[in-house]
Structures are given as structure tokens and as C-alpha cells.
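> If it helps, the file is called structure_22.csv and holds CSV, C-alpha atoms:
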```csv
chain,number,residue,atom,x,y,z
A,70,MET,CA,-6.3,2.8,39.2
A,71,ARG,CA,-2.9,3.2,40.9
A,72,GLN,CA,-2.4,-0.5,40.5
A,73,PHE,CA,-3.3,-0.3,36.9
A,74,PHE,CA,-0.6,2.3,36.1
A,75,THR,CA,1.8,0.2,38.1
A,76,PHE,CA,1.2,-2.8,35.8
A,77,VAL,CA,1.4,-0.5,32.8
A,78,ARG,CA,4.8,0.8,33.9
A,79,LYS,CA,6.0,-2.8,34.6
A,80,GLU,CA,5.0,-3.8,31.1
A,81,CYS,CA,6.8,-0.8,29.6
A,82,TYR,CA,10.0,-1.8,31.3
A,83,HIS,CA,9.5,-5.3,30.0
A,84,VAL,CA,9.1,-4.1,26.4
A,85,LEU,CA,12.0,-1.6,26.5
A,86,ARG,CA,14.5,-4.1,27.7
A,87,ASP,CA,13.6,-6.7,25.0
A,88,ARG,CA,15.8,-5.8,22.0
A,89,ARG,CA,14.0,-8.2,19.7
A,90,THR,CA,10.6,-6.7,20.5
A,91,LEU,CA,12.0,-3.2,19.9
A,92,LEU,CA,13.5,-4.3,16.6
A,93,ILE,CA,10.1,-5.5,15.4
A,94,LEU,CA,8.3,-2.5,16.7
A,95,PHE,CA,10.5,0.2,15.2
A,96,GLY,CA,12.5,-1.7,12.6
A,97,MET,CA,9.6,-3.1,10.7
A,98,PRO,CA,7.8,0.2,10.0
A,99,LEU,CA,11.0,1.9,8.7
A,100,ALA,CA,12.0,-1.0,6.5
A,101,GLN,CA,8.5,-1.4,5.0
A,102,ILE,CA,8.0,2.3,4.3
A,103,LEU,CA,11.4,2.4,2.5
A,104,ILE,CA,10.8,-0.8,0.6
A,105,PHE,CA,7.3,0.2,-0.5
A,106,GLY,CA,8.3,3.8,-1.1
A,107,PHE,CA,11.3,3.2,-3.3
A,108,ALA,CA,11.7,-0.4,-4.3
A,109,LEU,CA,8.1,-1.6,-4.7
A,110,THR,CA,6.3,0.8,-7.0
A,111,ASN,CA,3.9,0.7,-9.9
A,112,GLU,CA,5.6,3.5,-11.6
A,113,VAL,CA,7.4,2.9,-14.9
A,114,LYS,CA,11.0,4.2,-15.1
A,115,ASN,CA,13.8,3.4,-17.5
A,116,ALA,CA,12.0,0.5,-19.1
A,117,ARG,CA,14.3,-1.0,-21.7
A,118,ILE,CA,12.8,-0.9,-25.3
A,119,VAL,CA,14.1,-1.4,-28.8
A,120,ILE,CA,13.3,0.5,-32.0
A,121,VAL,CA,12.9,-1.2,-35.3
A,122,ASP,CA,13.1,1.7,-37.8
A,123,HIS,CA,12.6,0.6,-41.4
A,124,ALA,CA,11.7,4.1,-42.5
A,125,LYS,CA,14.8,6.1,-41.4
A,126,ASP,CA,13.0,9.4,-42.2
A,127,ASN,CA,12.3,12.6,-40.4
A,128,ALA,CA,9.0,11.5,-38.9
A,129,SER,CA,10.4,8.3,-37.4
A,130,ARG,CA,13.5,10.1,-36.1
A,131,HIS,CA,11.3,12.8,-34.5
A,132,ILE,CA,9.2,10.2,-32.6
A,133,ILE,CA,12.2,8.2,-31.6
A,134,ALA,CA,13.8,11.4,-30.2
A,135,GLN,CA,10.7,12.1,-28.1
A,136,ILE,CA,10.7,8.6,-26.8
A,137,ALA,CA,14.4,8.9,-25.9
A,138,ALA,CA,13.8,12.2,-24.1
A,139,SER,CA,11.2,10.6,-21.9
A,140,ASN,CA,12.2,9.3,-18.4
A,141,TYR,CA,10.0,6.3,-18.9
A,142,PHE,CA,12.2,4.5,-21.4
A,143,GLU,CA,15.7,3.5,-22.0
A,144,LEU,CA,16.5,2.8,-25.6
A,145,GLY,CA,18.5,-0.1,-26.6
A,146,GLU,CA,20.4,-0.5,-29.9
A,147,ASP,CA,18.4,-0.1,-33.1
A,148,VAL,CA,17.3,-3.6,-34.3
A,149,MET,CA,16.7,-4.1,-38.0
A,150,ASP,CA,16.2,-7.8,-37.9
A,151,ARG,CA,12.8,-9.1,-36.6
A,152,ASP,CA,14.4,-12.3,-35.4
A,153,ARG,CA,16.8,-10.4,-33.1
A,154,MET,CA,13.8,-8.5,-31.7
A,155,GLU,CA,11.9,-11.7,-30.9
A,156,MET,CA,15.1,-13.2,-29.3
A,157,ALA,CA,15.4,-10.1,-27.1
A,158,PHE,CA,11.8,-10.7,-25.9
A,159,ARG,CA,12.5,-14.3,-25.2
A,160,GLU,CA,15.6,-13.5,-23.2
A,161,GLY,CA,13.7,-10.8,-21.2
A,162,THR,CA,16.2,-8.0,-22.0
A,163,VAL,CA,13.5,-5.8,-23.5
A,164,LYS,CA,9.9,-5.2,-22.5
A,165,LEU,CA,8.6,-3.3,-25.6
A,166,ALA,CA,9.5,-2.7,-29.2
A,167,VAL,CA,8.4,0.1,-31.6
A,168,VAL,CA,8.4,-0.9,-35.3
A,169,PHE,CA,8.3,1.8,-38.0
A,170,PRO,CA,7.4,0.5,-41.5
A,171,ALA,CA,9.1,1.6,-44.6
A,172,ASN,CA,7.9,4.9,-46.2
A,173,PHE,CA,6.4,5.9,-42.9
A,174,HIS,CA,6.7,9.7,-43.5
A,175,ASN,CA,5.6,9.4,-47.1
A,176,ASP,CA,2.4,7.5,-46.1
A,177,LEU,CA,1.7,10.0,-43.4
A,178,VAL,CA,2.0,13.1,-45.7
A,179,HIS,CA,0.4,11.8,-48.9
A,180,GLN,CA,-2.1,9.3,-47.6
A,181,ASN,CA,-2.8,11.0,-44.3
A,182,HIS,CA,-2.5,7.6,-42.7
A,183,ALA,CA,0.4,5.6,-41.3
A,184,GLN,CA,0.9,2.7,-38.9
A,185,ILE,CA,3.3,2.1,-36.1
A,186,GLN,CA,3.5,-1.3,-34.6
A,187,VAL,CA,4.0,-1.5,-30.8
A,188,ILE,CA,4.9,-4.9,-29.4
A,189,ALA,CA,4.9,-5.5,-25.7
A,190,ASP,CA,5.8,-8.3,-23.4
A,191,ALA,CA,2.4,-9.2,-21.8
A,192,SER,CA,3.7,-11.8,-19.4
A,193,ASP,CA,3.1,-8.9,-16.9
A,194,PRO,CA,-0.2,-7.4,-18.3
A,195,ASN,CA,-0.3,-4.4,-16.1
A,196,TYR,CA,3.2,-3.4,-16.9
A,197,ALA,CA,2.7,-4.0,-20.6
A,198,THR,CA,-0.5,-1.9,-20.6
A,199,THR,CA,1.3,1.0,-18.9
A,200,LEU,CA,4.2,0.9,-21.4
A,201,THR,CA,1.9,0.9,-24.4
A,202,ASN,CA,-0.1,3.7,-23.0
A,203,TYR,CA,3.0,5.8,-22.5
A,204,VAL,CA,4.2,5.2,-26.1
A,205,SER,CA,0.7,5.9,-27.5
A,206,SER,CA,0.7,9.2,-25.6
A,207,ILE,CA,4.0,10.2,-27.2
A,208,ILE,CA,2.7,9.3,-30.6
A,209,ARG,CA,-0.6,11.2,-30.0
A,210,ASP,CA,1.4,14.3,-29.0
A,211,TYR,CA,3.4,14.1,-32.3
A,212,GLN,CA,0.1,13.7,-34.2
A,213,THR,CA,-1.3,16.8,-32.4
A,214,GLU,CA,1.7,18.8,-33.5
A,215,LEU,CA,1.1,17.8,-37.2
A,216,SER,CA,-2.6,18.6,-37.1
A,217,GLU,CA,-2.2,22.0,-35.4
A,218,ASN,CA,-2.3,23.8,-38.7
A,219,ALA,CA,-4.9,21.6,-40.3
A,220,ALA,CA,-8.2,23.3,-41.2
A,221,LEU,CA,-10.7,20.9,-39.5
A,222,PRO,CA,-14.3,22.0,-39.1
A,223,TYR,CA,-14.6,20.3,-35.7
A,224,ARG,CA,-12.0,19.2,-33.2
A,225,ILE,CA,-12.4,17.7,-29.8
A,226,THR,CA,-9.3,17.9,-27.6
A,227,PRO,CA,-9.6,16.1,-24.2
A,228,GLN,CA,-7.9,17.8,-21.3
A,229,ILE,CA,-6.9,15.3,-18.7
A,230,ARG,CA,-6.4,16.3,-15.1
A,231,MET,CA,-5.2,13.9,-12.5
A,232,LEU,CA,-6.6,14.8,-9.1
A,233,TYR,CA,-4.6,14.4,-5.9
A,234,ASN,CA,-1.7,12.7,-7.6
A,235,PRO,CA,-0.8,14.5,-10.9
A,236,GLN,CA,2.6,12.9,-11.2
A,237,LEU,CA,1.1,9.4,-10.8
A,238,LYS,CA,3.6,8.4,-8.1
A,239,GLY,CA,3.3,5.2,-6.1
A,240,ALA,CA,3.9,6.7,-2.7
A,241,PRO,CA,0.3,8.1,-2.3
A,242,ASN,CA,-1.0,4.6,-2.7
A,243,PHE,CA,1.6,2.7,-0.7
A,244,VAL,CA,2.0,4.9,2.3
A,245,PRO,CA,-1.6,4.5,3.6
A,246,GLY,CA,-1.4,0.8,2.9
A,247,VAL,CA,1.9,0.4,4.7
A,248,MET,CA,0.4,2.3,7.7
A,249,ALA,CA,-2.5,-0.2,7.8
A,250,LEU,CA,-0.2,-3.2,7.4
A,251,VAL,CA,2.4,-2.2,10.0
A,252,LEU,CA,-0.1,-1.2,12.6
A,253,MET,CA,-2.1,-4.3,12.1
A,254,LEU,CA,0.9,-6.6,12.4
A,255,VAL,CA,2.7,-4.8,15.2
A,256,SER,CA,-0.4,-4.2,17.4
A,257,VAL,CA,-2.0,-7.6,16.9
A,258,MET,CA,1.2,-9.7,17.1
A,259,MET,CA,2.8,-7.9,20.0
A,260,THR,CA,-0.4,-8.0,22.1
A,261,ALA,CA,-1.1,-11.6,21.4
A,262,ILE,CA,2.5,-12.7,22.2
A,263,ALA,CA,2.7,-10.6,25.3
A,264,ILE,CA,-0.3,-12.2,27.0
A,265,VAL,CA,0.5,-15.7,25.8
A,266,ARG,CA,4.0,-15.4,27.2
A,267,GLU,CA,2.5,-14.9,30.6
A,268,LYS,CA,0.4,-18.0,30.2
A,269,GLU,CA,3.3,-20.1,29.1
A,270,THR,CA,5.5,-19.1,32.0
A,271,GLY,CA,2.7,-19.6,34.5
A,272,THR,CA,2.7,-16.0,35.7
A,273,MET,CA,-0.7,-15.2,34.3
A,274,GLU,CA,-2.5,-17.4,36.8
A,275,VAL,CA,-0.6,-15.6,39.6
A,276,LEU,CA,-1.8,-12.3,38.3
A,277,LEU,CA,-5.4,-13.5,37.8
A,278,VAL,CA,-5.7,-14.7,41.4
A,279,SER,CA,-4.3,-11.5,42.8
A,280,PRO,CA,-6.6,-8.7,44.2
A,281,PHE,CA,-6.1,-6.9,40.9
A,282,ARG,CA,-9.1,-7.2,38.5
A,283,PRO,CA,-8.3,-9.6,35.6
A,284,VAL,CA,-9.6,-7.2,33.0
A,285,TRP,CA,-7.2,-4.5,34.1
A,286,VAL,CA,-4.4,-7.0,33.8
A,287,ILE,CA,-5.3,-7.6,30.2
A,288,LEU,CA,-5.7,-3.9,29.4
A,289,SER,CA,-2.3,-3.1,31.1
A,290,LYS,CA,-0.7,-5.4,28.6
A,291,ALA,CA,-2.2,-3.5,25.7
A,292,VAL,CA,-1.6,0.1,26.8
A,293,PRO,CA,2.2,0.2,26.2
A,294,TYR,CA,1.7,-1.1,22.6
A,295,LEU,CA,-0.9,1.7,22.0
A,296,PHE,CA,1.7,4.4,22.7
A,297,LEU,CA,4.5,2.5,20.8
A,298,SER,CA,2.2,2.1,17.8
A,299,LEU,CA,1.4,5.9,17.9
A,300,ILE,CA,5.2,6.5,17.7
A,301,ASN,CA,5.2,4.2,14.6
A,302,VAL,CA,2.4,6.3,13.1
A,303,LEU,CA,4.5,9.5,13.7
A,304,SER,CA,7.6,7.9,12.2
A,305,ILE,CA,5.7,6.7,9.1
A,306,VAL,CA,4.1,10.1,8.6
A,307,LEU,CA,7.3,12.0,9.0
A,308,MET,CA,9.1,9.7,6.6
A,309,SER,CA,6.4,10.1,4.0
A,310,VAL,CA,6.6,13.9,4.3
A,311,PHE,CA,10.4,14.4,4.4
A,312,VAL,CA,11.7,11.3,2.6
A,313,LEU,CA,9.0,10.4,0.1
A,314,ARG,CA,7.8,14.0,-0.3
A,315,LEU,CA,4.2,13.2,0.4
A,316,PRO,CA,2.7,16.0,2.5
A,317,VAL,CA,-0.4,15.5,4.7
A,318,ALA,CA,-3.2,17.4,2.9
A,319,GLY,CA,-5.7,17.1,5.8
A,320,SER,CA,-5.7,17.5,9.5
A,321,TRP,CA,-2.8,15.9,11.5
A,322,LEU,CA,-5.0,15.7,14.6
A,323,LEU,CA,-7.7,13.8,12.7
A,324,LEU,CA,-5.1,11.5,11.2
A,325,PHE,CA,-3.7,10.6,14.7
A,326,ALA,CA,-7.2,10.2,16.1
A,327,GLU,CA,-8.2,7.8,13.4
A,328,SER,CA,-4.9,6.0,13.8
A,329,THR,CA,-5.5,5.6,17.5
A,330,LEU,CA,-9.0,4.1,16.8
A,331,PHE,CA,-7.4,1.6,14.4
A,332,ILE,CA,-4.7,0.7,16.8
A,333,ILE,CA,-7.3,0.0,19.5
A,334,THR,CA,-9.1,-2.2,17.0
A,335,CYS,CA,-5.9,-4.1,16.4
A,336,LEU,CA,-5.2,-4.4,20.1
A,337,THR,CA,-8.7,-6.0,20.7
A,338,LEU,CA,-7.9,-8.5,17.9
A,339,GLY,CA,-4.6,-9.3,19.6
A,340,ILE,CA,-6.3,-9.8,22.9
A,341,PHE,CA,-8.9,-12.1,21.3
A,342,ILE,CA,-6.1,-14.2,19.7
A,343,SER,CA,-4.2,-14.4,23.0
A,344,ILE,CA,-7.3,-15.7,24.8
A,345,LYS,CA,-8.0,-18.3,22.2
A,346,THR,CA,-4.4,-19.6,21.8
A,347,LYS,CA,-2.1,-21.4,24.3
A,348,THR,CA,1.5,-20.9,22.9
A,349,GLN,CA,3.5,-18.1,21.4
A,350,GLN,CA,4.1,-20.0,18.2
A,351,VAL,CA,0.4,-20.4,17.6
A,352,ALA,CA,-0.3,-16.8,18.4
A,353,MET,CA,2.4,-15.6,16.1
A,354,LEU,CA,1.2,-17.8,13.3
A,355,VAL,CA,-2.4,-16.7,13.6
A,356,SER,CA,-1.3,-13.1,13.9
A,357,LEU,CA,0.9,-13.2,10.8
A,358,MET,CA,-1.1,-15.4,8.5
A,359,GLY,CA,-4.5,-14.4,9.8
A,360,MET,CA,-3.9,-10.7,9.8
A,361,MET,CA,-1.3,-10.0,7.1
A,362,LEU,CA,-2.9,-11.9,4.2
A,363,PRO,CA,-6.4,-10.3,4.7
A,364,THR,CA,-4.7,-6.9,5.0
A,365,VAL,CA,-2.7,-7.3,1.8
A,366,MET,CA,-5.5,-8.9,-0.2
A,367,PHE,CA,-8.7,-7.1,1.1
A,368,SER,CA,-7.5,-3.6,2.1
A,369,GLY,CA,-7.5,-2.3,-1.5
A,370,PHE,CA,-3.9,-1.0,-1.7
A,371,MET,CA,-2.5,-4.0,-3.6
A,372,PHE,CA,-5.6,-5.3,-5.4
A,373,PRO,CA,-8.7,-3.3,-6.3
A,374,ILE,CA,-11.6,-4.6,-4.4
A,375,GLU,CA,-14.0,-3.6,-7.2
A,376,ASN,CA,-12.4,-6.2,-9.4
A,377,MET,CA,-13.0,-9.1,-7.0
A,378,PRO,CA,-16.0,-11.4,-7.0
A,379,VAL,CA,-19.0,-10.3,-5.0
A,380,PRO,CA,-18.5,-12.8,-2.1
A,381,LEU,CA,-14.9,-11.6,-1.6
A,382,GLN,CA,-16.1,-8.0,-1.7
A,383,VAL,CA,-18.5,-8.8,1.1
A,384,ILE,CA,-15.7,-10.5,3.1
A,385,SER,CA,-13.5,-7.5,2.7
A,386,ASN,CA,-16.0,-5.4,4.7
A,387,ILE,CA,-15.0,-7.2,7.9
A,388,VAL,CA,-11.3,-6.4,7.4
A,389,PRO,CA,-10.5,-3.4,9.5
A,390,ALA,CA,-7.5,-2.4,7.3
A,391,LYS,CA,-9.9,-1.7,4.4
A,392,TRP,CA,-11.7,1.0,6.3
A,393,PHE,CA,-8.5,2.5,7.8
A,394,TYR,CA,-6.9,2.5,4.3
A,395,ILE,CA,-9.8,4.6,3.0
A,396,ILE,CA,-9.6,6.9,6.0
A,397,VAL,CA,-5.9,7.5,5.6
A,398,LYS,CA,-6.1,8.2,1.9
A,399,SER,CA,-9.0,10.6,2.4
A,400,ILE,CA,-7.1,12.6,5.1
A,401,MET,CA,-3.5,12.4,3.7
A,402,ILE,CA,-4.1,12.5,0.0
A,403,LYS,CA,-7.5,14.2,-0.5
A,404,GLY,CA,-7.4,16.5,2.5
A,405,MET,CA,-10.9,15.5,3.7
A,406,GLY,CA,-12.4,16.1,7.1
A,407,PHE,CA,-14.5,14.0,9.5
A,408,ALA,CA,-17.7,14.8,7.6
A,409,GLU,CA,-16.5,12.7,4.7
A,410,ILE,CA,-15.1,9.7,6.7
A,411,TRP,CA,-17.6,9.3,9.5
A,412,LYS,CA,-19.1,6.2,8.0
A,413,GLU,CA,-15.8,4.4,7.8
A,414,THR,CA,-15.0,5.6,11.4
A,415,LEU,CA,-18.4,4.1,12.6
A,416,VAL,CA,-17.5,0.8,11.0
A,417,LEU,CA,-14.2,0.7,12.8
A,418,CYS,CA,-15.9,1.5,16.1
A,419,GLY,CA,-18.4,-1.3,15.5
A,420,ILE,CA,-15.6,-3.9,14.7
A,421,THR,CA,-13.7,-2.7,17.8
A,422,LEU,CA,-16.7,-3.0,20.1
A,423,PHE,CA,-17.6,-6.5,18.7
A,424,PHE,CA,-14.1,-8.0,19.3
A,425,PHE,CA,-13.9,-6.3,22.7
A,426,ILE,CA,-17.2,-7.8,23.8
A,427,VAL,CA,-16.3,-11.2,22.4
A,428,SER,CA,-12.9,-11.1,24.1
A,429,LEU,CA,-14.4,-10.3,27.5
A,430,LYS,CA,-16.9,-13.1,27.2
A,431,SER,CA,-14.2,-15.6,26.2
A,432,PHE,CA,-12.0,-14.4,29.0
A,433,LYS,CA,-14.8,-14.8,31.6
A,434,ILE,CA,-15.6,-18.3,30.3
A,435,ARG,CA,-11.9,-19.2,30.6
A,436,LEU,CA,-11.8,-17.9,34.2
A,437,GLU,CA,-14.8,-20.1,35.1
```
Could you render the structure as C-alpha cells?


Amino acid sequence: MRQFFTFVRKECYHVLRDRRTLLILFGMPLAQILIFGFALTNEVKNARIVIVDHAKDNASRHIIAQIAASNYFELGEDVMDRDRMEMAFREGTVKLAVVFPANFHNDLVHQNHAQIQVIADASDPNYATTLTNYVSSIIRDYQTELSENAALPYRITPQIRMLYNPQLKGAPNFVPGVMALVLMLVSVMMTAIAIVREKETGTMEVLLVSPFRPVWVILSKAVPYLFLSLINVLSIVLMSVFVLRLPVAGSWLLLFAESTLFIITCLTLGIFISIKTKTQQVAMLVSLMGMMLPTVMFSGFMFPIENMPVPLQVISNIVPAKWFYIIVKSIMIKGMGFAEIWKETLVLCGITLFFFIVSLKSFKIRLE
């Protein structure tokens, strides 16, 4: 065991004096949490829209004032010509237009019925749907104000409550996904490269023929990245709390315990890749393409898994980031305990054990 800690200390020295490795280890998490937290978000803010007001009455002005007061929209100049509106859509300067017909207030008062045309740029369907929903909500609020004094025999008023994220911010969705992505890339890539580097330089054979057990040599390569990845977890959580204003609703201890389990899972994947590959270039390519794409596509934080075909939903079950993403959301956002996430934890343990056993068998075959 003393020799094991000697090899761990030697590997720590090797990592700390490599500036490029330190930049990847600590620069990547900070950059990604800032990018996903501030730049890449599914929130709608200051979307540029135009108003085509043919009515110019009190009702249309009131609705326009409510739209202008919202933080979601930025009103452009009033457009009276429909051709100019279509030109603005083709140029991409506006994403949505609200058209008030003539006699809008008169139809609303005397006929109890009036129409408002909402035109959206559906080249991005999710964005267009979000914008139309926001405008429809503002119009419904105005309609509710008009009907408050109406003597209706029955009235059903839905009361909507958004659990865990009432402001509909993007950070509660992106922070758990960034944690899974960063830990997966850093742990897998660094472990795979560290071991393959020894094989390329020829020092791995020297270590394997030494009195030191070969398994301890491999594990000593992974232990430093375990602690460095835990530092990354701490930095991501602290940034989410103090920069993105996303507090941890559940247990910090449970969050770090589950993160440790996921890091160990990623390290076993890195060891498996390092045993199967012969060069650092191949190991890096497999780590980036083979780990990043499944994490982004099948973890659930970018694309809903429920909307995928059934075969892809089955494939997503073998991606460790999917289960870790569920665990982090449950702890950080929902404040759940171990009783609610034990199934996901058990799946992660199974994946870790599987790759550890396969790696050991592959390593023994390579030694023979």
C-alpha cells in the first residue's frame, strides 16, 4: 500500500506540472458553466417583434402597452404595410408580428368577439412556440380583465403553478447537464490519455515488470483525477449557487457522494479505453466523440428522451450521464433524498462494475 501511495503522489506531481492538463481540468468546467448558464439558454428575452395596428383604438393600445412592458419582447417600429412586415421576416430582423384588424375595439364590445393575428417565424419551431405562448398569455390576461365584471353563470379559471422552477430559468436544466458533460469528458479523457502516454513512451512496460502489482499501477493513474474531478464538482456547484443563483435544495453530502460514484464510473470507462487503444490521438478521439455525443444526445438535458424512438430510448439506458443527470436534478432542484434516487444509483453501480470487470479481463489478456 505504501508503494501505491508513492505512485499516486508521482502521478499528482506529473499532473500539476502539466499546464495544458490543468487548463483542461479547470478551464473547461468554468467556461462551460458560464456559456451554458448565460449564453446558451432556452429563455426568451428581448425578442424583437413588430406591431401592425390597423385599429388604433383603446383596446389595441392597451394590449400593445402590456406587450411593451414585458421583458420578453422588444418592440420595433409600428408597421402599417404588410409587405414591409413580410420583408422584415425574410431579413430575419423580427421573430414575431402582432396584427390588430380595423374596428378591433368595436367588434370586441358590440359583437363580443374580435381577432388578433399572431405571425411567428417558425424556422425555429421551439422559439416560435414560446413567443406565441407569451403573446397569447398577455392577450388572455387582458381578456380576463374585461370579463371580471361579466355576469357569467359558470367560470373556470386555471391556476398554474410551476414547481421547482417558477421563473422558468434555463440554469436549473443546464447546470446538472454541464456537470454530467464536464465530469464525463474530463475523467474519461484524462485517464485514457494518461495511461496511453505511458504506453507510447515505453514506461508502462517498465512499470508492469516491476514488483508492483499491475492493477495498482492502473489505479494509481486514476486516483489523482478522482480528486481533481471532485474539485471540479465543487467549483461548478459554487458557481451555480453564487453566480447563477441556483441554490442546492437537497443534501450537499449526498450530491458529492453521487458525484463521486459517477466520477468512478467515468474513470473505469477511461481505463477501458486506454487498454483498448494504442495512441493518445486515438484515445482522445474515442473519448471526445464516443463520450461527448452520447452525453449530449442521450442524457436528456438537451433533447427529451421521451420524444425519441423506442430503440434510442433503450440505448440511452446504457449512457451513465443519463442517470447522473436525473440524480443531480433530483438533489439540486427538487431536494430529494436517497430514497427517491436509489434506483438510478444502483444502475450507475452496475455500469461501473461492468466496465471495471471488463477492463480487468482485457488488461489480463494484454499481459498474457

> At a cut-off of 7 Å, using only C-alpha atoms, what residues contact Val187 in chain A? Leave out same-chain residues fewer than 6 positions from it and give the result as a list in words.

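Counting only C-alpha atoms, the residues come to Ala166, Val167 and Val168 of chain A.
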
> To one decimal place in Å, what is the distance between CA of Val121 in chain A and CA of Ala157 in chain A?

12.4 Å

> Counting all atoms listed in the file, which residues of range 357-396 of chain A fall within 12 Å of range 400-419 of chain A, and what is the closest atom pair for each with its distance in Å at one decimal, ordered by chain and rising number, as a Markdown table?


```
| residue | atom | partner | partner_atom | distance |
| --- | --- | --- | --- | --- |
| A:Asn386 | CA | A:Val416 | CA | 9.0 |
| A:Ile387 | CA | A:Val416 | CA | 8.9 |
| A:Val388 | CA | A:Leu417 | CA | 9.4 |
| A:Pro389 | CA | A:Leu417 | CA | 6.4 |
| A:Ala390 | CA | A:Leu417 | CA | 9.2 |
| A:Lys391 | CA | A:Glu413 | CA | 9.1 |
| A:Trp392 | CA | A:Glu413 | CA | 5.5 |
| A:Phe393 | CA | A:Glu413 | CA | 7.5 |
| A:Tyr394 | CA | A:Glu413 | CA | 9.8 |
| A:Ile395 | CA | A:Glu413 | CA | 7.7 |
| A:Ile396 | CA | A:Ile410 | CA | 6.2 |
```

> Those same residues - C-alpha atoms - I'd like them written as a tab-separated table (two decimals), in the frame of the given file.


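Listing of selection-v1.tsv after writing:
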```
chain	number	residue	atom	x	y	z
A	386	ASN	CA	-16.00	-5.40	4.70
A	387	ILE	CA	-15.00	-7.20	7.90
A	388	VAL	CA	-11.30	-6.40	7.40
A	389	PRO	CA	-10.50	-3.40	9.50
A	390	ALA	CA	-7.50	-2.40	7.30
A	391	LYS	CA	-9.90	-1.70	4.40
A	392	TRP	CA	-11.70	1.00	6.30
A	393	PHE	CA	-8.50	2.50	7.80
A	394	TYR	CA	-6.90	2.50	4.30
A	395	ILE	CA	-9.80	4.60	3.00
A	396	ILE	CA	-9.60	6.90	6.00
```

> Quick one: everything within 12 Å of Ile120 in chain A, counting all atoms listed in the file, minus sequence neighbours fewer than 5 positions away in the same chain. Send it as a PyMOL selection string.

chain A and resi 125+129-130+132-134+136-137+142-151+153-154+157+163-170+185-188+204

> Those selected residues, please, written with C-alpha atoms and delivered as a PDB file, keeping the file's coordinate frame.


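selection-v9.pdb written:
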```pdb
ATOM      1  CA  LYS A 125      14.800   6.100 -41.400  1.00  0.00           C
ATOM      2  CA  SER A 129      10.400   8.300 -37.400  1.00  0.00           C
ATOM      3  CA  ARG A 130      13.500  10.100 -36.100  1.00  0.00           C
ATOM      4  CA  ILE A 132       9.200  10.200 -32.600  1.00  0.00           C
ATOM      5  CA  ILE A 133      12.200   8.200 -31.600  1.00  0.00           C
ATOM      6  CA  ALA A 134      13.800  11.400 -30.200  1.00  0.00           C
ATOM      7  CA  ILE A 136      10.700   8.600 -26.800  1.00  0.00           C
ATOM      8  CA  ALA A 137      14.400   8.900 -25.900  1.00  0.00           C
ATOM      9  CA  PHE A 142      12.200   4.500 -21.400  1.00  0.00           C
ATOM     10  CA  GLU A 143      15.700   3.500 -22.000  1.00  0.00           C
ATOM     11  CA  LEU A 144      16.500   2.800 -25.600  1.00  0.00           C
ATOM     12  CA  GLY A 145      18.500  -0.100 -26.600  1.00  0.00           C
ATOM     13  CA  GLU A 146      20.400  -0.500 -29.900  1.00  0.00           C
ATOM     14  CA  ASP A 147      18.400  -0.100 -33.100  1.00  0.00           C
ATOM     15  CA  VAL A 148      17.300  -3.600 -34.300  1.00  0.00           C
ATOM     16  CA  MET A 149      16.700  -4.100 -38.000  1.00  0.00           C
ATOM     17  CA  ASP A 150      16.200  -7.800 -37.900  1.00  0.00           C
ATOM     18  CA  ARG A 151      12.800  -9.100 -36.600  1.00  0.00           C
ATOM     19  CA  ARG A 153      16.800 -10.400 -33.100  1.00  0.00           C
ATOM     20  CA  MET A 154      13.800  -8.500 -31.700  1.00  0.00           C
ATOM     21  CA  ALA A 157      15.400 -10.100 -27.100  1.00  0.00           C
ATOM     22  CA  VAL A 163      13.500  -5.800 -23.500  1.00  0.00           C
ATOM     23  CA  LYS A 164       9.900  -5.200 -22.500  1.00  0.00           C
ATOM     24  CA  LEU A 165       8.600  -3.300 -25.600  1.00  0.00           C
ATOM     25  CA  ALA A 166       9.500  -2.700 -29.200  1.00  0.00           C
ATOM     26  CA  VAL A 167       8.400   0.100 -31.600  1.00  0.00           C
ATOM     27  CA  VAL A 168       8.400  -0.900 -35.300  1.00  0.00           C
ATOM     28  CA  PHE A 169       8.300   1.800 -38.000  1.00  0.00           C
ATOM     29  CA  PRO A 170       7.400   0.500 -41.500  1.00  0.00           C
ATOM     30  CA  ILE A 185       3.300   2.100 -36.100  1.00  0.00           C
ATOM     31  CA  GLN A 186       3.500  -1.300 -34.600  1.00  0.00           C
ATOM     32  CA  VAL A 187       4.000  -1.500 -30.800  1.00  0.00           C
ATOM     33  CA  ILE A 188       4.900  -4.900 -29.400  1.00  0.00           C
ATOM     34  CA  VAL A 204       4.200   5.200 -26.100  1.00  0.00           C
TER      35      VAL A 204
END
```

> Write out as a list in words each polymer residue whose atoms come within 6 Å of Ala124 in chain A, counting only C-alpha atoms; drop sequence neighbours fewer than 3 positions from it.

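The residues that qualify are Pro170, Ala171, Asn172 and Phe173 of chain A.
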
> Suppose you want the space between CA of Ser289 in chain A and CA of Arg86 in chain A; what is it in Å?

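Spanning CA of Ser289 in chain A to CA of Arg86 in chain A is a straight-line distance of 17.2 Å.
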
> Between A:Met231, A:Ile208, A:Ala183, A:Leu288, which residue has the minimum interatomic distance to Phe74 in chain A, considering only C-alpha atoms?

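Among the listed residues, the smallest separation from Phe74 in chain A belongs to A:Leu288.
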
> What gap, in Å, lies between CA of Gln212 in chain A and CA of Ile118 in chain A?

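Result for CA of Gln212 in chain A versus CA of Ile118 in chain A: 21.3 Å, one decimal.
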
> Please provide as a PyMOL selection string all residues within 12 Å of Val302 in chain A, with the sequence filter that same-chain residues fewer than 4 positions apart are discarded (counting only C-alpha atoms).

chain A and resi 94-95+98-99+102+244-245+247-253+255-256+295-298+306-309+321+324-329+331-332+397

> Let me make sure I understand: among A:Cys335, A:Pro293, A:Gln382, A:Ser192, which one has the smallest atom-to-atom distance to Arg159 in chain A if we use all atoms listed in the file?

A:Ser192
